[in-house]
Each structure stands twice: as structure tokens, then as C-alpha cells.
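A.B. asks: Contents of start-v5.csv (CSV, C-alpha atoms) are below:
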chain,number,residue,atom,x,y,z
A,1433,MET,CA,0.0,0.0,0.0
A,1434,LYS,CA,2.9,2.3,0.7
A,1435,LEU,CA,4.2,1.8,-2.8
A,1436,ILE,CA,0.8,2.6,-4.3
A,1437,GLY,CA,0.7,5.7,-2.1
A,1438,LEU,CA,4.0,6.8,-3.6
A,1439,GLU,CA,2.7,6.3,-7.1
A,1440,MET,CA,-0.2,8.6,-6.3
A,1441,LYS,CA,2.2,11.3,-5.2
A,1442,LYS,CA,4.3,10.9,-8.3
A,1443,ILE,CA,1.5,11.3,-10.9
A,1444,ALA,CA,-0.5,14.5,-11.7
A,1445,LEU,CA,-4.0,13.1,-11.2
A,1446,THR,CA,-5.9,16.2,-12.2
A,1447,PRO,CA,-6.2,15.4,-15.9
A,1448,TYR,CA,-7.4,11.9,-15.1
A,1449,LEU,CA,-9.9,13.1,-12.5
A,1450,LEU,CA,-11.3,15.6,-15.0
A,1451,THR,CA,-11.5,12.9,-17.7
A,1452,SER,CA,-13.3,10.6,-15.2
A,1453,VAL,CA,-16.0,13.2,-14.8
A,1454,LEU,CA,-16.3,14.0,-18.5
A,1455,ILE,CA,-16.7,10.4,-19.6
A,1456,PRO,CA,-20.0,9.7,-17.8
A,1457,LEU,CA,-21.3,13.2,-18.7
A,1458,ALA,CA,-20.6,12.4,-22.3
A,1459,ALA,CA,-22.4,9.1,-22.0
A,1460,LEU,CA,-25.3,10.8,-20.3
A,1461,ALA,CA,-25.6,13.4,-23.0
A,1462,LEU,CA,-25.5,10.7,-25.7
A,1463,ILE,CA,-28.2,8.5,-24.2
A,1464,ASN,CA,-30.4,11.5,-23.7
A,1465,LEU,CA,-29.9,12.4,-27.3
A,1466,LEU,CA,-30.8,8.9,-28.4
A,1467,ALA,CA,-33.8,8.9,-26.1
A,1468,TYR,CA,-35.0,12.2,-27.7
A,1469,VAL,CA,-34.6,11.0,-31.3
A,1470,PRO,CA,-38.0,9.2,-31.4
A,1471,GLN,CA,-39.6,12.4,-30.3
A,1472,ILE,CA,-38.3,14.0,-33.5
A,1473,ASP,CA,-39.0,11.1,-35.8
A,1474,PRO,CA,-41.6,8.6,-34.3
A,1475,THR,CA,-41.3,6.3,-37.3
A,1476,ILE,CA,-37.8,5.3,-36.2
A,1477,LEU,CA,-39.4,3.1,-33.5
A,1478,ALA,CA,-41.3,1.2,-36.2
A,1479,THR,CA,-38.1,0.2,-37.9
A,1480,ASP,CA,-36.0,-0.1,-34.8
A,1481,PRO,CA,-38.2,-0.6,-31.7
A,1482,GLU,CA,-35.2,-1.4,-29.5
A,1483,MET,CA,-34.2,2.2,-29.5
A,1484,GLY,CA,-37.3,2.9,-27.4
A,1485,THR,CA,-36.2,0.7,-24.5
A,1486,TYR,CA,-34.2,1.4,-21.4
A,1487,ALA,CA,-32.2,-1.8,-22.0
A,1488,PHE,CA,-30.8,-0.3,-25.2
A,1489,LEU,CA,-29.9,3.0,-23.7
A,1490,TYR,CA,-28.2,1.4,-20.7
A,1491,VAL,CA,-26.1,-0.7,-23.1
A,1492,ILE,CA,-25.0,2.5,-24.9
A,1493,SER,CA,-24.0,3.9,-21.5
A,1494,PHE,CA,-22.1,0.7,-20.8
A,1495,ILE,CA,-20.2,0.9,-24.1
A,1496,ILE,CA,-19.3,4.6,-23.8
A,1497,ASN,CA,-18.1,4.3,-20.2
A,1498,VAL,CA,-16.1,1.2,-20.8
A,1499,THR,CA,-14.5,2.6,-24.0
A,1500,GLY,CA,-13.6,5.9,-22.3
A,1501,PHE,CA,-12.2,4.4,-19.1
A,1502,ALA,CA,-10.3,1.7,-21.0
A,1503,CYS,CA,-8.6,4.3,-23.1
A,1504,MET,CA,-7.8,6.4,-20.1
A,1505,ASN,CA,-6.5,3.4,-18.2
A,1506,THR,CA,-4.3,2.5,-21.1
A,1507,ALA,CA,-2.9,6.1,-21.2
A,1508,MET,CA,-2.3,6.0,-17.5
A,1509,LEU,CA,-0.5,2.6,-17.7
A,1510,GLY,CA,1.6,4.0,-20.5
A,1511,LYS,CA,2.5,7.0,-18.4
A,1512,VAL,CA,3.2,5.1,-15.2
A,1513,ILE,CA,4.8,1.9,-16.5
A,1514,MET,CA,6.1,2.4,-20.0
A,1515,GLU,CA,7.7,5.7,-19.1
A,1516,SER,CA,9.2,4.3,-15.9
A,1517,TYR,CA,10.9,1.5,-17.8
A,1518,ASN,CA,12.2,3.4,-20.8
A,1519,ASP,CA,15.9,4.2,-21.4
A,1520,ASN,CA,15.7,7.5,-19.6
A,1521,TYR,CA,14.1,6.4,-16.3
A,1522,ILE,CA,15.0,2.7,-16.1
A,1523,PRO,CA,18.2,3.2,-14.0
A,1524,LEU,CA,16.2,5.1,-11.4
A,1525,THR,CA,13.3,2.7,-11.4
A,1526,LEU,CA,15.5,-0.3,-10.9
A,1527,SER,CA,17.5,1.4,-8.2
A,1528,TYR,CA,14.6,1.3,-5.7
A,1529,PRO,CA,15.6,-0.8,-2.6
A,1530,VAL,CA,12.4,-2.8,-3.1
A,1531,SER,CA,11.7,-5.9,-5.2
A,1532,ARG,CA,11.2,-5.2,-8.9
A,1533,LYS,CA,8.1,-7.3,-8.8
A,1534,LYS,CA,6.6,-5.3,-6.0
A,1535,VAL,CA,7.4,-2.0,-7.7
A,1536,PHE,CA,5.8,-3.1,-11.0
A,1537,TRP,CA,2.7,-4.6,-9.3
A,1538,ALA,CA,2.3,-1.4,-7.3
A,1539,LYS,CA,2.2,0.6,-10.5
A,1540,VAL,CA,-0.3,-1.8,-12.1
A,1541,LEU,CA,-2.6,-1.9,-9.1
A,1542,PHE,CA,-2.6,1.9,-8.7
A,1543,CYS,CA,-3.8,2.4,-12.3
A,1544,GLU,CA,-6.3,-0.5,-12.2
A,1545,LEU,CA,-7.8,0.6,-8.8
A,1546,PHE,CA,-8.1,4.2,-10.0
A,1547,CYS,CA,-9.8,3.3,-13.3
A,1548,GLY,CA,-11.8,0.4,-12.0
A,1549,LEU,CA,-13.3,2.6,-9.4
A,1550,GLY,CA,-13.7,5.3,-12.1
A,1551,VAL,CA,-15.8,3.1,-14.5
A,1552,PHE,CA,-17.8,1.8,-11.5
A,1553,MET,CA,-18.8,5.3,-10.5
A,1554,GLY,CA,-19.1,6.4,-14.2
A,1555,VAL,CA,-21.7,3.8,-15.2
A,1556,LEU,CA,-23.5,4.1,-11.9
A,1557,LEU,CA,-23.6,7.9,-12.2
A,1558,THR,CA,-24.7,7.9,-15.8
A,1559,ASN,CA,-27.5,5.4,-15.2
A,1560,SER,CA,-28.7,7.0,-12.0
A,1561,LEU,CA,-28.8,10.5,-13.4
A,1562,PHE,CA,-30.7,9.2,-16.5
A,1563,PHE,CA,-33.1,7.3,-14.1
A,1564,VAL,CA,-33.8,10.6,-12.2
A,1565,SER,CA,-34.3,12.6,-15.4
A,1566,GLU,CA,-36.7,10.0,-16.8
A,1567,SER,CA,-38.6,10.0,-13.5
A,1568,ILE,CA,-39.1,13.8,-13.8
A,1569,PHE,CA,-39.5,14.1,-17.6
A,1570,SER,CA,-39.8,10.9,-19.5
A,1571,LEU,CA,-38.6,10.7,-23.1
A,1572,VAL,CA,-38.7,6.9,-23.4
A,1573,THR,CA,-42.0,5.0,-23.9
A,1574,ASP,CA,-40.6,1.9,-22.0
A,1575,THR,CA,-41.7,1.2,-18.4
A,1576,LEU,CA,-39.4,2.7,-15.8
A,1577,SER,CA,-38.8,0.9,-12.5
A,1578,PHE,CA,-36.1,0.8,-9.8
A,1579,ALA,CA,-35.5,-2.8,-10.8
A,1580,THR,CA,-34.0,-1.5,-14.1
A,1581,ILE,CA,-31.2,0.2,-12.1
A,1582,VAL,CA,-30.7,-2.9,-9.8
A,1583,ASN,CA,-30.4,-5.1,-12.9
A,1584,GLN,CA,-27.5,-3.0,-14.1
A,1585,LEU,CA,-25.3,-3.9,-11.1
A,1586,PRO,CA,-23.8,-7.1,-12.6
A,1587,VAL,CA,-23.1,-5.1,-15.8
A,1588,ILE,CA,-21.2,-2.5,-13.7
A,1589,ILE,CA,-19.0,-5.3,-12.3
A,1590,VAL,CA,-18.4,-6.6,-15.8
A,1591,SER,CA,-17.4,-3.1,-16.9
A,1592,ILE,CA,-14.7,-3.1,-14.2
A,1593,VAL,CA,-13.3,-6.4,-15.5
A,1594,LEU,CA,-13.4,-5.2,-19.1
A,1595,VAL,CA,-11.6,-1.9,-18.4
A,1596,ILE,CA,-8.9,-3.7,-16.5
A,1597,SER,CA,-8.5,-6.5,-19.0
A,1598,ILE,CA,-8.6,-4.4,-22.2
A,1599,SER,CA,-6.1,-1.8,-20.8
A,1600,LEU,CA,-3.6,-4.5,-19.8
A,1601,ILE,CA,-3.8,-6.2,-23.2
A,1602,ALA,CA,-3.4,-2.8,-24.9
A,1603,LEU,CA,-0.4,-2.0,-22.7
A,1604,ALA,CA,1.3,-5.2,-23.7
A,1605,ILE,CA,0.8,-4.4,-27.4
A,1606,GLY,CA,2.1,-0.9,-26.9
A,1607,TRP,CA,5.1,-1.9,-24.8
A,1608,TRP,CA,6.0,-4.5,-27.4
A,1609,ARG,CA,6.6,-1.7,-29.9
A,1610,ASN,CA,7.4,0.9,-27.1
A,1611,SER,CA,4.6,3.1,-28.4
A,1612,LEU,CA,1.9,4.6,-26.3
A,1613,PRO,CA,-0.2,5.7,-29.3
A,1614,LEU,CA,-0.2,2.1,-30.5
A,1615,ALA,CA,-1.4,1.0,-27.1
A,1616,ILE,CA,-4.3,3.5,-27.2
A,1617,VAL,CA,-5.2,2.5,-30.7
A,1618,ALA,CA,-5.3,-1.2,-29.6
A,1619,ALA,CA,-7.6,-0.3,-26.7
A,1620,VAL,CA,-10.0,1.5,-29.2
A,1621,VAL,CA,-10.0,-1.5,-31.5
A,1622,LEU,CA,-10.7,-3.9,-28.7
A,1623,CYS,CA,-13.5,-1.7,-27.4
A,1624,SER,CA,-14.9,-1.4,-31.0
A,1625,ILE,CA,-15.0,-5.2,-31.3
A,1626,LEU,CA,-16.6,-5.4,-27.9
A,1627,SER,CA,-19.3,-2.9,-28.8
A,1628,ASN,CA,-20.2,-4.9,-31.9
A,1629,LEU,CA,-20.5,-8.1,-29.9
A,1630,VAL,CA,-22.8,-6.3,-27.4
A,1631,THR,CA,-25.1,-5.0,-30.1
A,1632,VAL,CA,-25.2,-8.3,-31.9
A,1633,GLY,CA,-25.0,-10.9,-29.2
A,1634,GLY,CA,-26.3,-9.1,-26.1
A,1635,ILE,CA,-24.9,-8.9,-22.6
A,1636,GLU,CA,-24.6,-12.7,-22.3
A,1637,VAL,CA,-21.9,-12.7,-25.0
A,1638,VAL,CA,-20.1,-9.9,-23.1
A,1639,LEU,CA,-20.1,-12.0,-19.9
A,1640,ALA,CA,-18.3,-14.8,-21.7
A,1641,ILE,CA,-15.9,-12.4,-23.5
A,1642,SER,CA,-15.1,-10.6,-20.2
A,1643,GLY,CA,-14.0,-13.9,-18.7
A,1644,VAL,CA,-11.7,-14.7,-21.6
A,1645,LEU,CA,-10.2,-11.2,-21.6
A,1646,PHE,CA,-9.7,-11.3,-17.8
A,1647,LEU,CA,-7.7,-14.6,-18.2
A,1648,ILE,CA,-5.6,-13.0,-21.0
A,1649,GLY,CA,-5.1,-9.9,-18.8
A,1650,VAL,CA,-3.7,-12.1,-16.0
A,1651,LEU,CA,-1.4,-13.8,-18.4
A,1652,VAL,CA,-0.2,-10.4,-19.7
A,1653,VAL,CA,0.6,-9.2,-16.1
A,1654,LEU,CA,2.6,-12.4,-15.4
A,1655,THR,CA,4.4,-12.0,-18.7
A,1656,LEU,CA,5.3,-8.3,-18.2
A,1657,THR,CA,6.4,-9.1,-14.6
A,1658,LYS,CA,8.9,-11.6,-16.0
A,1659,LYS,CA,10.0,-9.0,-18.5
A,1660,VAL,CA,10.6,-6.5,-15.8
A,1661,MET,CA,12.6,-9.0,-13.7
A,1662,ARG,CA,14.9,-9.5,-16.7
A,1663,LEU,CA,15.5,-5.8,-17.4
A,1664,GLU,CA,19.0,-4.3,-16.9
A,1665,ALA,CA,19.8,-0.7,-16.0
Is it possible to give me this structure as C-alpha cells?
C.D. replies:
Amino acid sequence: MKLIGLEMKKIALTPYLLTSVLIPLAALALINLLAYVPQIDPTILATDPEMGTYAFLYVISFIINVTGFACMNTAMLGKVIMESYNDNYIPLTLSYPVSRKKVFWAKVLFCELFCGLGVFMGVLLTNSLFFVSESIFSLVTDTLSFATIVNQLPVIIVSIVLVISISLIALAIGWWRNSLPLAIVAAVVLCSILSNLVTVGGIEVVLAISGVLFLIGVLVVLTLTKKVMRLEA
């Protein structure tokens, strides 16, 4: 925990905190816009009735929040880890009187805890604010109930797993070429594939995919740990 506290002091968290607020606000704005579309063109519900359901809008909230926080997490991992182990900083990083494994894991845990909590609060905030706004002034023809929010809790847990897993996989890809932009592009591509799977196969498919990605994420951490142990100053 002390090492994680040191990482918090070393990083300027203001940009990440600001981004953590903007992501759910952007998701909320988008789902409100989508909820309002049938008011402008009612015929759209005839061709795509799913757009008039809360389930669809909450899936969009899920996709936007996961994508946003996965990309932010990848950028943070790149800043905290890739930069620490590049040619300029590696002598300092490896000179710590602490196990290399503990230092590396502290960096990973710091980023994952920050962004995991961020996506949890982001999805919860987006869905709760939308629930409140719909309770006051309803735009959706679907039936609104508190159970709708409760049913989203497993999805919120899945969003944490996905953000952690996708960012770790993207980090491995970026570190392979020593390129943070490549890592972020990889995160965007993985999230794009995920969003397509959600819209085509539903949340059940995402549950299965999240399990697979989590296992890959664990393997990535173990592989990168071995890489760090072999580094030389």
C-alpha cells in the first residue's frame, strides 16, 4: 500500500480526475440524445423498436463508459509503466531498494484501482442521473422501474473487469513496440470489437468475453512481470 501511495504522489491526477468526470457526462448526453430521437421522428421506432427501451440506452451507457475508461486506463498505464521503464528512467526505477516485482505490481494496481473505481462510478452515475431525469420528464416509452437500475449492477461489475483486461492487453501491445499511441489504438480497436459483440449478441456474450479477456489480462501481467525481472539498467 505504501508503494501505491508513492505512485499517487508521483502522478498528476488532475487530468485523469477531469476525464473521469467528462466520460460519464458524455455518456449521459448521448443516451439522452438517443432517447429524444423518437420524439423528433416517431417512425424510427417502427423500424428499430429497440431504441425505445431502457435496456438499449443502458447498453450504450455501458459501451461509452467502458471505452472511455479503457482508453484512459491505457494512457495512465503507459505514463506510469512504459515511461518508468524506458531508457531515460529505467536506472532510477531499478535502483529502488524494493523488489522489482513489488514496484511493478504497485504501478499496475494503482492504475487499475483508479480506473476500476472510475468506471464503476461512471456507469452508476450515468444510469442513476438518467433514471432521475426520466422520473421527472420521461422521453422513453418503455416502463421505468427501480429494478431497471438494480439489474445493471452485474453489468457494472463486468465493466470493471473489461476496463482492467482491455487496458492490460493494450499495454502489452504498446510496450511490445514501445509506443503509447499504439497501445491506445489497440484499446480503441478492442472496445470497438466489444461494442459490436454487445449489439449483436447481447450482454450474455459480453459476460463470456469478459471472462476470456480477464484470463488474458492475468497472463499479460505475469508475462510483463517476467520482462521487468529481466531488465537491466
A.B. asks: Using all atoms listed in the file, which of the listed residues (A:Ile1443, A:Val1632, A:Val1498, A:Cys1547) sits closest to Val1590 (chain A)?
C.D. replies: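 Comparing A:Ile1443, A:Val1632, A:Val1498, A:Cys1547 against Val1590 (chain A), the winner is A:Val1498.
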A.B. asks: Determine, counting only C-alpha atoms, which protein, DNA and RNA residues have an atom within 6 Å of an atom of region 1552-1569 of chain A; residues of the same chain fewer than 2 positions away are not included. Present the result as a list in words.
C.D. replies: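 Result of the neighbour search: Pro1456, Leu1460, Leu1549, Gly1550 and Ile1588 of chain A.
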A.B. asks: Compare A:Leu1465, A:Leu1645, A:Leu1571, A:Leu1545 by their minimum atom-to-atom distance to Gly1484 (chain A), counting only C-alpha atoms, and give me the closest one.
C.D. replies: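 Of A:Leu1465, A:Leu1645, A:Leu1571, A:Leu1545, the one nearest Gly1484 (chain A) is A:Leu1571, counting only C-alpha atoms.
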A.B. asks: Kindly indicate which residue among A:Val1491, A:Ala1615, A:Ile1455, A:Ile1476 lies nearest to Lys1511 (chain A), using all atoms listed in the file for the distances.
C.D. replies: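 Selected residue with least distance to Lys1511 (chain A): A:Ala1615.
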A.B. asks: Using CA of Leu1585 (chain A) and CA of Val1621 (chain A) as the two end points, give the distance in Å to one decimal.
C.D. replies: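 CA of Val1621 (chain A) lies at a distance of 25.6 Å from CA of Leu1585 (chain A).
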A.B. asks: Find the residues near Gly1649 (chain A): any atom within 9 Å, counting all atoms listed in the file, skip ones fewer than 6 places away on the same chain, and give them as a ChimeraX atom specification.
C.D. replies: /A:1596-1601
A.B. asks: For the atom pair CA of Leu1603 (chain A) and CA of Gly1633 (chain A), what is the interatomic distance in Å to one decimal place?
C.D. replies: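 So the two atoms, CA of Leu1603 (chain A) and CA of Gly1633 (chain A), lie 27.0 Å apart.
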A.B. asks: Give me the residues near Val1620 (chain A) as a list in words, where near means some atom within 9 Å (using all atoms listed in the file) and where sequence neighbours in that chain fewer than 5 positions away do not count.
C.D. replies: Thr1499, Gly1500, Ala1502, Cys1503, Ala1602, Ala1615 and Ile1625 of chain A
A.B. asks: Can you tell me, as number ranges by chain, what residues are no more than 6 Å from Ala1459 (chain A) when counting all atoms listed in the file, ignoring any on the same chain fewer than 3 positions away?
C.D. replies: A: 1456, 1462, 1493, 1496
A.B. asks: Residues of the last selection are to be written out with C-alpha atoms, as a compact mmCIF listing (two decimals), keeping the file's coordinate frame.
C.D. replies:
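Produced file part06.txt, reproduced below:
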# COMPACT_ATOMS: atom_id res chain seq x y z
CA PRO A 1456 -20.00 9.70 -17.80
CA LEU A 1462 -25.50 10.70 -25.70
CA SER A 1493 -24.00 3.90 -21.50
CA ILE A 1496 -19.30 4.60 -23.80
A.B. asks: Choose the residue, out of A:Ser1611, A:Val1453, A:Asp1473, A:Thr1631, that has the smallest atom-to-atom separation from Leu1489 (chain A); count all atoms listed in the file.
C.D. replies: A:Thr1631
A.B. asks: Report the distance between CA of Val1617 (chain A) and CA of Leu1466 (chain A) in Å, rounded to one decimal place.
C.D. replies: 26.5 Å
A.B. asks: So, counting all atoms listed in the file, which residue among A:Asn1610, A:Thr1475, A:Thr1657, A:Asn1583 is closest to Ala1487 (chain A)?
C.D. replies: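 Closest to Ala1487 (chain A) of all the choices is A:Asn1583.
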A.B. asks: Restricting the calculation to all atoms listed in the file: of A:Ala1507, A:Val1551, A:Ile1492, A:Val1593, which residue gets closest to Leu1614 (chain A)?
C.D. replies: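 Counting all atoms listed in the file, the residue closest to Leu1614 (chain A) is A:Ala1507.
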A.B. asks: Could you name the residues that touch Gly1510 (chain A) at 9 Å or less, counting only C-alpha atoms, but leaving out those on the same chain fewer than 4 positions away, as a list in words?
C.D. replies: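 Result of the neighbour search: Asn1505, Thr1506, Met1514, Glu1515, Ser1516, Leu1603, Gly1606, Trp1607, Ser1611, Leu1612, Ala1615 and Ile1616 of chain A.
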